[in-house]
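So this one's entry_26.cif, mmCIF, C-alpha atoms:
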data_input
loop_
_atom_site.label_atom_id
_atom_site.label_comp_id
_atom_site.auth_asym_id
_atom_site.auth_seq_id
_atom_site.Cartn_x
_atom_site.Cartn_y
_atom_site.Cartn_z
CA MET W 1103 50.37 152.62 99.27
CA ILE W 1104 53.65 153.13 101.14
CA GLU W 1105 54.32 156.17 103.33
CA THR W 1106 57.28 158.26 102.18
CA SER W 1107 58.39 159.09 105.72
CA GLY W 1108 60.28 157.19 108.43
CA THR W 1109 60.66 153.47 107.85
CA GLY W 1110 58.51 153.71 104.71
CA THR W 1111 61.48 155.14 102.81
CA ILE W 1112 63.63 152.21 103.90
CA TYR W 1113 61.04 149.79 102.49
CA ILE W 1114 60.90 151.77 99.25
CA VAL W 1115 64.69 151.68 98.77
CA ALA W 1116 64.78 147.98 99.75
CA ILE W 1117 62.09 147.13 97.17
CA MET W 1118 63.93 149.08 94.49
CA VAL W 1119 67.21 147.32 95.34
CA ILE W 1120 65.54 143.91 95.16
CA ILE W 1121 63.93 144.69 91.79
CA THR W 1122 67.13 145.99 90.16
CA LEU W 1123 69.22 143.11 91.52
CA ALA W 1124 66.61 140.57 90.43
CA THR W 1125 66.71 141.94 86.88
CA ARG W 1126 70.52 142.26 86.82
CA TRP W 1127 70.94 138.68 88.05
CA GLY W 1128 67.83 137.18 86.46
CA GLY W 1129 69.13 137.02 82.90
CA VAL W 1130 72.23 135.07 83.92
CA TYR W 1131 70.25 132.79 86.20
CA PHE W 1132 67.63 132.10 83.55
CA MET W 1133 70.24 131.34 80.90
CA SER W 1134 72.01 128.94 83.27
CA VAL W 1135 68.74 126.99 83.55
CA THR W 1136 67.32 127.24 80.06
CA PRO W 1137 68.09 129.36 76.96
CA ILE W 1138 65.61 132.19 76.37
CA ASN W 1139 63.62 131.57 73.21
CA TYR W 1140 63.44 133.90 70.23
CA ARG W 1141 59.92 135.28 70.85
CA VAL W 1142 60.68 136.12 74.47
CA ARG W 1143 63.92 137.85 73.41
CA GLN W 1144 61.98 139.88 70.84
CA PHE W 1145 59.42 140.85 73.48
CA ILE W 1146 62.02 141.97 76.02
CA GLN W 1147 64.03 143.84 73.42
CA ALA W 1148 60.99 145.72 72.11
CA MET W 1149 59.85 146.29 75.67
CA SER W 1150 63.14 147.87 76.71
CA ALA W 1151 62.76 150.55 74.03
CA SER W 1152 58.99 150.88 74.60
CA VAL W 1153 59.32 151.68 78.29
CA LEU W 1154 61.52 154.67 77.44
CA VAL W 1155 59.12 155.84 74.73
CA ALA W 1156 56.17 155.44 77.12
CA LEU W 1157 57.94 157.62 79.67
CA ILE W 1158 58.82 160.34 77.15
CA ALA W 1159 55.56 160.61 75.18
CA PRO W 1160 53.52 162.40 77.88
CA MET W 1161 56.45 164.80 78.43
CA ALA W 1162 56.22 165.91 74.83
CA ILE W 1163 52.44 166.39 74.98
CA THR W 1164 52.03 167.95 78.43
CA GLY W 1165 55.32 169.86 78.54
CA ASP W 1166 55.86 173.52 77.58
CA HIS W 1167 57.40 174.72 74.30
CA GLY W 1168 60.85 174.48 75.87
CA ALA W 1169 60.32 170.78 76.60
CA ARG W 1170 59.05 170.04 73.10
CA ILE W 1171 61.87 171.94 71.39
CA ALA W 1172 64.40 170.16 73.64
CA LEU W 1173 63.10 166.74 72.60
CA LEU W 1174 62.96 167.80 68.95
CA ALA W 1175 66.56 169.09 69.04
CA THR W 1176 67.74 165.85 70.67
CA ALA W 1177 65.91 163.76 68.07
CA VAL W 1178 67.33 165.74 65.13
CA ILE W 1179 70.93 165.62 66.37
CA ILE W 1180 70.83 161.94 67.28
CA PHE W 1181 69.29 161.17 63.90
CA LEU W 1182 72.03 163.08 62.08
CA THR W 1183 75.07 162.19 64.18
CA GLN W 1184 74.17 158.99 66.11
CA LYS W 1185 76.06 160.54 69.05
CA PRO W 1186 74.10 160.73 72.35
CA LEU W 1187 76.22 163.35 74.11
CA PRO W 1188 75.89 166.16 71.54
CA ALA W 1189 72.19 165.29 71.15
CA ILE W 1190 71.44 165.60 74.87
CA THR W 1191 73.49 168.78 75.14
CA ALA W 1192 71.61 170.28 72.18
CA GLY W 1193 68.28 169.40 73.82
CA ILE W 1194 69.15 171.06 77.12
CA VAL W 1195 70.58 174.14 75.43
CA ALA W 1196 67.47 174.37 73.25
CA ALA W 1197 65.19 174.20 76.31
CA ALA W 1198 67.26 176.85 78.11
CA LEU W 1199 67.30 179.22 75.11
CA THR W 1200 63.58 178.83 74.50
CA ARG W 1201 62.72 179.58 78.10
CA GLN W 1202 65.16 182.50 78.42
CA PHE W 1203 64.23 184.33 75.26
CA VAL W 1204 60.88 183.22 73.92
CA TYR W 1205 58.87 183.68 77.08
CA MET L 1075 90.81 130.81 66.77
CA ALA L 1076 89.35 128.40 69.32
CA GLU L 1077 92.40 129.15 71.44
CA ALA L 1078 91.73 132.88 71.25
CA ASN L 1079 88.03 132.42 72.03
CA THR L 1080 88.73 130.57 75.24
CA GLN L 1081 90.66 133.63 76.45
CA LEU L 1082 87.90 136.17 75.78
CA HIS L 1083 86.12 135.62 79.07
CA ARG L 1084 89.18 136.36 81.18
CA LEU L 1085 88.98 138.94 83.93
CA ASP L 1086 91.94 140.33 85.86
CA GLY L 1087 93.06 143.52 87.59
CA SER L 1088 94.56 145.17 84.53
CA LEU L 1089 91.47 144.46 82.39
CA ILE L 1090 89.23 145.90 85.12
CA TRP L 1091 91.44 148.99 85.38
CA SER L 1092 91.43 149.59 81.62
CA GLY L 1093 87.66 149.08 81.63
CA PHE L 1094 87.38 151.68 84.36
CA LYS L 1095 89.42 154.15 82.29
CA ALA L 1096 87.48 153.37 79.11
CA LEU L 1097 84.23 154.49 80.73
CA ILE L 1098 85.59 157.73 82.26
CA PRO L 1099 84.48 159.96 79.33
CA ILE L 1100 80.91 158.64 79.51
CA SER L 1101 81.01 158.86 83.30
CA PHE L 1102 81.59 162.58 83.00
CA PHE L 1103 78.12 162.79 81.51
CA VAL L 1104 76.74 160.34 84.08
CA THR L 1105 77.85 162.84 86.73
CA PHE L 1106 75.51 165.45 85.21
CA PHE L 1107 72.70 162.93 85.08
CA GLY L 1108 73.41 162.27 88.78
CA ILE L 1109 73.34 165.99 89.57
CA ALA L 1110 69.99 166.28 87.80
CA PHE L 1111 68.67 163.34 89.84
CA GLY L 1112 69.96 164.73 93.15
CA LEU L 1113 68.39 168.08 92.38
CA THR L 1114 65.05 166.64 91.22
CA ALA L 1115 64.78 164.27 94.17
CA LYS L 1116 65.59 166.99 96.68
CA GLN L 1117 62.98 169.28 95.13
CA ALA L 1118 60.46 166.45 95.46
CA GLY L 1119 61.10 166.55 99.21
CA LEU L 1120 63.43 163.58 99.77
CA SER L 1121 66.09 163.87 102.47
CA ASP L 1122 69.78 164.21 101.53
CA THR L 1123 70.77 160.84 102.99
CA LEU L 1124 67.87 159.08 101.32
CA VAL L 1125 68.70 160.47 97.87
CA VAL L 1126 72.42 159.63 98.00
CA SER L 1127 71.91 156.17 99.49
CA MET L 1128 69.23 155.44 96.89
CA SER L 1129 71.68 156.20 94.06
CA ALA L 1130 74.43 154.16 95.71
CA LEU L 1131 72.23 151.13 96.45
CA VAL L 1132 69.68 151.05 93.63
CA PHE L 1133 72.04 152.33 90.89
CA SER L 1134 69.36 152.57 88.21
CA GLY L 1135 68.92 156.11 86.91
CA TYR L 1136 65.72 155.76 84.88
CA ALA L 1137 63.97 153.73 87.58
CA GLN L 1138 64.96 156.28 90.22
CA PHE L 1139 63.65 159.18 88.12
CA ALA L 1140 60.41 157.29 87.54
CA LEU L 1141 60.15 156.70 91.29
CA ILE L 1142 60.50 160.45 91.96
CA ASP L 1143 57.71 160.96 89.41
CA LEU L 1144 55.43 158.90 91.69
CA TRP L 1145 56.69 160.53 94.91
CA GLY L 1146 54.13 162.15 97.21
CA PRO L 1147 53.09 161.80 100.85
CA SER L 1148 52.73 158.13 99.96
CA ILE L 1149 53.52 156.00 96.91
CA PRO L 1150 51.22 153.50 95.19
CA LEU L 1151 53.03 150.18 95.60
CA LEU L 1152 51.90 148.31 92.51
CA PRO L 1153 52.67 151.06 89.94
CA MET L 1154 56.03 151.54 91.67
CA ILE L 1155 56.96 147.85 91.38
CA LEU L 1156 55.64 147.40 87.83
CA THR L 1157 57.33 150.56 86.55
CA ALA L 1158 60.67 149.61 88.12
CA LEU L 1159 60.36 146.08 86.69
CA ALA L 1160 59.52 147.39 83.22
CA ILE L 1161 62.37 149.89 83.22
CA ASN L 1162 64.85 147.36 84.54
CA ALA L 1163 63.74 144.50 82.30
CA ARG L 1164 66.54 145.37 79.89
CA HIS L 1165 69.03 144.24 82.57
CA PHE L 1166 67.58 140.79 82.08
CA LEU L 1167 68.69 140.88 78.44
CA MET L 1168 72.12 142.19 79.40
CA GLY L 1169 72.75 139.15 81.57
CA ALA L 1170 71.39 136.82 78.91
CA THR L 1171 73.51 138.30 76.09
CA LEU L 1172 76.72 138.15 78.16
CA TYR L 1173 76.04 134.63 79.46
CA PRO L 1174 78.21 132.88 76.85
CA TRP L 1175 81.30 134.49 78.44
CA LEU L 1176 80.08 134.78 82.02
CA ARG L 1177 79.39 131.05 82.24
CA HIS L 1178 83.13 130.28 82.44
CA HIS L 1179 83.24 131.91 85.87
CA THR L 1180 82.00 130.86 89.30
CA PRO L 1181 78.41 131.91 90.13
CA ALA L 1182 79.77 134.40 92.70
CA LYS L 1183 81.80 136.12 89.98
CA GLN L 1184 78.94 135.98 87.44
CA TYR L 1185 76.48 137.68 89.75
CA GLY L 1186 79.13 139.97 91.20
CA VAL L 1187 80.03 141.34 87.78
CA MET L 1188 76.36 141.71 86.78
CA THR L 1189 75.68 143.80 89.91
CA VAL L 1190 77.21 146.83 88.17
CA ALA L 1191 75.77 146.12 84.70
CA SER L 1192 74.20 149.20 83.13
CA ASP L 1193 73.57 150.45 79.59
CA ALA L 1194 76.93 151.95 78.64
CA ASN L 1195 79.32 149.37 80.08
CA TRP L 1196 77.15 146.49 78.87
CA ALA L 1197 77.02 147.88 75.30
CA LEU L 1198 80.80 148.46 75.21
CA SER L 1199 81.46 145.07 76.74
CA LEU L 1200 79.37 143.30 74.13
CA ASN L 1201 81.08 145.36 71.40
CA ALA L 1202 84.46 144.22 72.68
CA PHE L 1203 83.42 140.54 72.57
CA ASN L 1204 82.05 140.96 69.06
CA ARG L 1205 85.42 142.41 67.99
CA GLY L 1206 87.20 139.43 69.55
CA GLN L 1207 88.49 141.28 72.60
CA PRO L 1208 87.95 140.47 76.29
CA GLY L 1209 84.88 142.37 77.53
CA LEU L 1210 84.26 141.46 81.15
CA GLY L 1211 86.86 143.98 82.38
CA ILE L 1212 84.87 146.70 80.63
CA LEU L 1213 81.66 145.42 82.25
CA LEU L 1214 83.11 145.36 85.78
CA GLY L 1215 85.65 148.21 85.68
CA GLY L 1216 83.36 150.40 83.57
CA GLY L 1217 80.41 149.60 85.83
CA ILE L 1218 82.41 150.67 88.86
CA ALA L 1219 83.32 153.94 87.11
CA ILE L 1220 79.66 154.64 86.27
CA TRP L 1221 78.58 153.77 89.81
CA VAL L 1222 81.19 156.08 91.37
CA PHE L 1223 80.28 159.03 89.15
CA TRP L 1224 76.53 158.42 89.42
CA THR L 1225 76.74 158.46 93.23
CA LEU L 1226 79.13 161.42 93.22
CA GLY L 1227 76.86 163.35 90.84
CA THR L 1228 73.83 162.65 93.02
CA TRP L 1229 75.73 163.92 96.06
CA LEU L 1230 76.73 167.08 94.17
CA GLY L 1231 73.15 167.65 93.04
CA VAL L 1232 71.81 167.26 96.58
CA HIS L 1233 74.36 169.59 98.16
CA PHE L 1234 75.03 172.17 95.49
CA GLY L 1235 71.96 171.89 93.28
CA ASN L 1236 70.27 174.64 95.22
CA ALA L 1237 73.03 177.00 94.09
CA ILE L 1238 71.27 176.88 90.73
CA ALA L 1239 68.50 179.42 91.14
CA SER L 1240 66.15 178.09 88.49
CA PRO L 1241 67.03 174.66 87.06
CA ARG L 1242 64.05 174.90 84.73
CA LEU L 1243 65.31 178.08 83.05
CA LEU L 1244 68.60 176.28 82.33
CA GLY L 1245 66.74 173.35 80.79
CA LEU L 1246 67.96 170.97 83.51
CA ASP L 1247 64.52 169.41 83.99
CA MET L 1248 64.90 168.08 80.44
CA VAL L 1249 68.08 166.07 81.14
CA MET L 1250 66.15 162.87 81.69
CA GLY L 1251 63.76 163.29 78.75
CA CYS L 1252 66.58 164.08 76.30
CA PHE L 1253 68.75 161.30 77.69
CA LEU L 1254 65.98 158.71 77.32
CA LEU L 1255 65.15 159.88 73.82
CA ALA L 1256 68.81 159.73 72.78
CA MET L 1257 69.05 156.19 74.19
CA VAL L 1258 65.96 155.03 72.30
CA MET L 1259 67.04 156.56 69.01
CA SER L 1260 70.66 155.43 69.15
CA GLY L 1261 69.54 151.80 69.31
CA GLN L 1262 67.89 149.88 66.50
CA ARG L 1263 66.45 152.24 63.86
CA ASP L 1264 64.42 150.59 61.14
CA ARG L 1265 60.82 149.98 60.15
CA SER L 1266 60.15 147.52 62.96
CA ALA L 1267 61.66 149.90 65.54
CA LEU L 1268 59.41 152.66 64.19
CA ILE L 1269 56.33 150.45 64.56
CA ILE L 1270 57.34 149.57 68.13
CA TRP L 1271 57.95 153.23 69.09
CA THR L 1272 54.69 154.40 67.53
CA THR L 1273 52.69 151.68 69.27
CA ALA L 1274 54.33 152.43 72.61
CA ALA L 1275 53.88 156.20 72.28
CA ALA L 1276 50.26 156.02 71.12
CA SER L 1277 49.15 153.56 73.79
CA SER L 1278 51.06 155.43 76.49
CA LEU L 1279 49.31 158.68 75.53
CA LEU L 1280 45.89 157.04 75.39
CA ALA L 1281 46.46 155.49 78.80
CA TYR L 1282 47.77 158.79 80.13
CA ARG L 1283 44.57 160.48 78.97
CA TYR L 1284 41.94 157.84 79.72
CA MET L 1285 43.31 155.27 82.15
CA PRO L 1286 44.08 155.47 85.89
CA ALA L 1287 47.10 157.59 86.86
CA ASN L 1288 50.55 156.02 86.44
CA SER L 1289 49.31 153.19 84.22
CA HIS L 1290 50.66 154.73 80.99
CA VAL L 1291 54.23 153.46 81.41
CA ILE L 1292 53.17 149.85 81.91
CA ILE L 1293 50.57 149.93 79.14
CA GLY L 1294 52.93 151.58 76.64
CA THR L 1295 55.66 149.11 77.52
CA ILE L 1296 53.54 145.99 77.14
CA THR L 1297 51.85 147.02 73.87
CA GLY L 1298 55.27 148.00 72.46
CA GLY L 1299 56.70 144.68 73.57
CA VAL L 1300 53.86 142.74 71.96
CA ALA L 1301 54.29 144.76 68.75
CA GLY L 1302 57.93 143.73 68.83
CA MET L 1303 57.02 140.04 68.95
CA PHE L 1304 55.44 140.42 65.52
CA THR L 1305 57.71 142.94 63.85
CA GLY L 1306 60.91 142.97 65.88
CA ARG L 1307 64.17 141.22 65.39
CA THR L 1308 66.90 140.72 67.92
CA THR L 1309 70.22 142.43 67.33
CA ASP L 1310 72.35 139.35 67.88
CA ASP L 1311 70.90 137.24 65.07
#

Just give me the structure as structure tokens.
Amino acid sequence: MIETSGTGTIYIVAIMVIITLATRWGGVYFMSVTPINYRVRQFIQAMSASVLVALIAPMAITGDHGARIALLATAVIIFLTQKPLPAITAGIVAAALTRQFVY
Amino acid sequence: MAEANTQLHRLDGSLIWSGFKALIPISFFVTFFGIAFGLTAKQAGLSDTLVVSMSALVFSGYAQFALIDLWGPSIPLLPMILTALAINARHFLMGATLYPWLRHHTPAKQYGVMTVASDANWALSLNAFNRGQPGLGILLGGGIAIWVFWTLGTWLGVHFGNAIASPRLLGLDMVMGCFLLAMVMSGQRDRSALIIWTTAAASSLLAYRYMPANSHVIIGTITGGVAGMFTGRTTDD
């Protein structure tokens, strides 16, 4: 556990900086030493989508109706148009409308 | 053709500037994402300086949101590190996919350019290379644009976010969820992607319900990744 007051916050930011830099630089460094093999590439690629799904899934289950309708609206628009910006906008508008008018 | 290919890796002021301009439309949206982060972080009890400096130094939106999710009087160190690693693992791929062009430069330049790598500028940069155009200007210039607007948005959210009486009623708490979902679904969409998503979602929910707190992200990520080793294919085949 790390305290979120005083110097603790400096450690937290420092750790986060080190992790993001290590991942931003790691791919280049690794490739300069040895090419990444196919299985590892598959794992990382699947993992990069999975982490987002794993973050969202509990939101859909534990969230209110507004949250669920927002995610549904985003999914439908992105599926139909492939355009992220309209999809995200639709999701936020859907959440706002649901919460203003439904309850 | 070989002649043209040797020029693709080039990086100069005008390429960086046009890369900066190319990412301005997306950066407009990044500003809103930054505002949402500034607002969320402030509501979680973080100080103004801490929030803005975190955005400027860490520059990783999803990881920062996930960190705020864990925020309390203290933070469990291991879940914090593992979640940040899992979320940022895609950066690893970004560097690897751009290596064929980066390798023509000095290590200082390679790592310097990668410091501002994020989803949008990396994707556009790789697109440019695949079309036979120079892409490193988009990576660097575009990355700088995203960084500027991300930090600016965070600052706006911290200082003016409170002007919004109820962010929840405006749906602003859903910015991250909708953004992440849009990112997932605008990538690869086929049977193997569906299997990976389902595996990740199901295991994340099971872990959320039955496993220790904060383990669901890691568990969902790893099971999804393993599923990908059997069903997945990489986009650059």

Using the chain letters and numbers from the file, give me the residues hit by the PyMOL selection byres ((chain L) within 7 of (chain W)), as a ChimeraX atom specification. /L:1128,1131-1132,1147-1151,1158-1170,1173,1185,1188-1189,1191,1243-1246,1248-1249,1251-1256,1258-1260,1270-1271,1274-1275,1278-1279,1290-1291,1294-1296,1298-1300,1302-1303,1306-1308

Using only the atoms of range 1107-1123 of chain W listed in the file, plus 4 Å on each side, state the axis-aligned box centre and edge lengths in Å rounded to one decimal, as lines of an AutoDock Vina configuration file.
center_x = 63.8
center_y = 151.1
center_z = 99.3
size_x = 18.8
size_y = 24.0
size_z = 26.3

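Across the structure, CA of Met1285 in chain L and CA of Ala1137 in chain L are spaced 21.4 Å apart.
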
Taking the file as I've supplied it (selection: the PyMOL selection byres ((chain L and resi 1183) around 12)), which residues are included? Please answer as a PDB file with C-alpha atoms, keeping the file's coordinate frame.
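As a result, part.pdb now contains:
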ATOM      1  CA  TRP W1127      70.940 138.680  88.050  1.00  0.00           C
ATOM      2  CA  VAL W1130      72.230 135.070  83.920  1.00  0.00           C
TER       3      VAL W1130
ATOM      4  CA  HIS L1083      86.120 135.620  79.070  1.00  0.00           C
ATOM      5  CA  ARG L1084      89.180 136.360  81.180  1.00  0.00           C
ATOM      6  CA  LEU L1085      88.980 138.940  83.930  1.00  0.00           C
ATOM      7  CA  ASP L1086      91.940 140.330  85.860  1.00  0.00           C
ATOM      8  CA  TRP L1175      81.300 134.490  78.440  1.00  0.00           C
ATOM      9  CA  LEU L1176      80.080 134.780  82.020  1.00  0.00           C
ATOM     10  CA  ARG L1177      79.390 131.050  82.240  1.00  0.00           C
ATOM     11  CA  HIS L1178      83.130 130.280  82.440  1.00  0.00           C
ATOM     12  CA  HIS L1179      83.240 131.910  85.870  1.00  0.00           C
ATOM     13  CA  THR L1180      82.000 130.860  89.300  1.00  0.00           C
ATOM     14  CA  PRO L1181      78.410 131.910  90.130  1.00  0.00           C
ATOM     15  CA  ALA L1182      79.770 134.400  92.700  1.00  0.00           C
ATOM     16  CA  GLN L1184      78.940 135.980  87.440  1.00  0.00           C
ATOM     17  CA  TYR L1185      76.480 137.680  89.750  1.00  0.00           C
ATOM     18  CA  GLY L1186      79.130 139.970  91.200  1.00  0.00           C
ATOM     19  CA  VAL L1187      80.030 141.340  87.780  1.00  0.00           C
ATOM     20  CA  MET L1188      76.360 141.710  86.780  1.00  0.00           C
ATOM     21  CA  THR L1189      75.680 143.800  89.910  1.00  0.00           C
ATOM     22  CA  VAL L1190      77.210 146.830  88.170  1.00  0.00           C
ATOM     23  CA  LEU L1210      84.260 141.460  81.150  1.00  0.00           C
ATOM     24  CA  LEU L1214      83.110 145.360  85.780  1.00  0.00           C
TER      25      LEU L1214
END

What is the CA of Ala1140 in chain L-CA of Gly1216 in chain L distance in Å, reported with one decimal? 24.3 Å

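Atom to atom, CA of Thr1225 in chain L and CA of Ile1292 in chain L stand 27.5 Å apart.
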
So which residues touch Phe1139 in chain L within 10 Å, counting only C-alpha atoms, skipping near sequence neighbours fewer than 4 positions away, as a ChimeraX atom specification? /L:1110-1112,1114-1115,1134-1135,1143-1145,1250

Filled-in N, CA, C and O atoms of range 1137-1152 of chain W, supplied as an mmCIF file, in the coordinates of the input:
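In the end it all went to rebuild_7.cif:
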data_model
loop_
_atom_site.group_PDB
_atom_site.id
_atom_site.type_symbol
_atom_site.label_atom_id
_atom_site.label_comp_id
_atom_site.auth_asym_id
_atom_site.auth_seq_id
_atom_site.Cartn_x
_atom_site.Cartn_y
_atom_site.Cartn_z
ATOM 1 N N PRO W 1137 67.895 128.222 77.871
ATOM 2 C CA PRO W 1137 68.090 129.360 76.960
ATOM 3 C C PRO W 1137 66.754 130.089 76.714
ATOM 4 O O PRO W 1137 65.715 129.444 76.626
ATOM 5 N N ILE W 1138 66.817 131.398 76.615
ATOM 6 C CA ILE W 1138 65.610 132.190 76.370
ATOM 7 C C ILE W 1138 65.241 132.075 74.888
ATOM 8 O O ILE W 1138 66.102 132.233 74.018
ATOM 9 N N ASN W 1139 63.972 131.779 74.624
ATOM 10 C CA ASN W 1139 63.620 131.570 73.210
ATOM 11 C C ASN W 1139 63.465 132.886 72.448
ATOM 12 O O ASN W 1139 63.401 133.968 73.031
ATOM 13 N N TYR W 1140 63.393 132.750 71.128
ATOM 14 C CA TYR W 1140 63.440 133.900 70.230
ATOM 15 C C TYR W 1140 62.318 134.903 70.468
ATOM 16 O O TYR W 1140 62.554 136.101 70.559
ATOM 17 N N ARG W 1141 61.072 134.395 70.631
ATOM 18 C CA ARG W 1141 59.920 135.280 70.850
ATOM 19 C C ARG W 1141 60.061 136.102 72.134
ATOM 20 O O ARG W 1141 59.763 137.280 72.159
ATOM 21 N N VAL W 1142 60.518 135.432 73.184
ATOM 22 C CA VAL W 1142 60.680 136.120 74.470
ATOM 23 C C VAL W 1142 61.757 137.191 74.341
ATOM 24 O O VAL W 1142 61.617 138.305 74.845
ATOM 25 N N ARG W 1143 62.848 136.863 73.627
ATOM 26 C CA ARG W 1143 63.920 137.850 73.410
ATOM 27 C C ARG W 1143 63.390 139.058 72.658
ATOM 28 O O ARG W 1143 63.687 140.202 72.994
ATOM 29 N N GLN W 1144 62.581 138.787 71.615
ATOM 30 C CA GLN W 1144 61.980 139.880 70.840
ATOM 31 C C GLN W 1144 61.120 140.759 71.739
ATOM 32 O O GLN W 1144 61.161 141.981 71.660
ATOM 33 N N PHE W 1145 60.318 140.107 72.590
ATOM 34 C CA PHE W 1145 59.420 140.850 73.480
ATOM 35 C C PHE W 1145 60.223 141.740 74.418
ATOM 36 O O PHE W 1145 59.949 142.935 74.544
ATOM 37 N N ILE W 1146 61.244 141.174 75.053
ATOM 38 C CA ILE W 1146 62.020 141.970 76.020
ATOM 39 C C ILE W 1146 62.751 143.101 75.315
ATOM 40 O O ILE W 1146 62.806 144.223 75.806
ATOM 41 N N GLN W 1147 63.290 142.800 74.131
ATOM 42 C CA GLN W 1147 64.030 143.840 73.420
ATOM 43 C C GLN W 1147 63.125 144.997 73.020
ATOM 44 O O GLN W 1147 63.481 146.167 73.198
ATOM 45 N N ALA W 1148 61.934 144.668 72.505
ATOM 46 C CA ALA W 1148 60.990 145.720 72.110
ATOM 47 C C ALA W 1148 60.507 146.460 73.354
ATOM 48 O O ALA W 1148 60.325 147.675 73.346
ATOM 49 N N MET W 1149 60.328 145.718 74.429
ATOM 50 C CA MET W 1149 59.850 146.290 75.670
ATOM 51 C C MET W 1149 60.854 147.281 76.239
ATOM 52 O O MET W 1149 60.477 148.319 76.796
ATOM 53 N N SER W 1150 62.160 146.991 76.092
ATOM 54 C CA SER W 1150 63.140 147.870 76.710
ATOM 55 C C SER W 1150 63.201 149.225 76.000
ATOM 56 O O SER W 1150 63.526 150.231 76.618
ATOM 57 N N ALA W 1151 62.862 149.257 74.704
ATOM 58 C CA ALA W 1151 62.760 150.550 74.030
ATOM 59 C C ALA W 1151 61.407 151.191 74.350
ATOM 60 O O ALA W 1151 61.310 152.392 74.576
ATOM 61 N N SER W 1152 60.350 150.363 74.402
ATOM 62 C CA SER W 1152 58.990 150.880 74.600
ATOM 63 C C SER W 1152 58.842 151.588 75.939
ATOM 64 O O SER W 1152 58.136 152.598 76.033
#
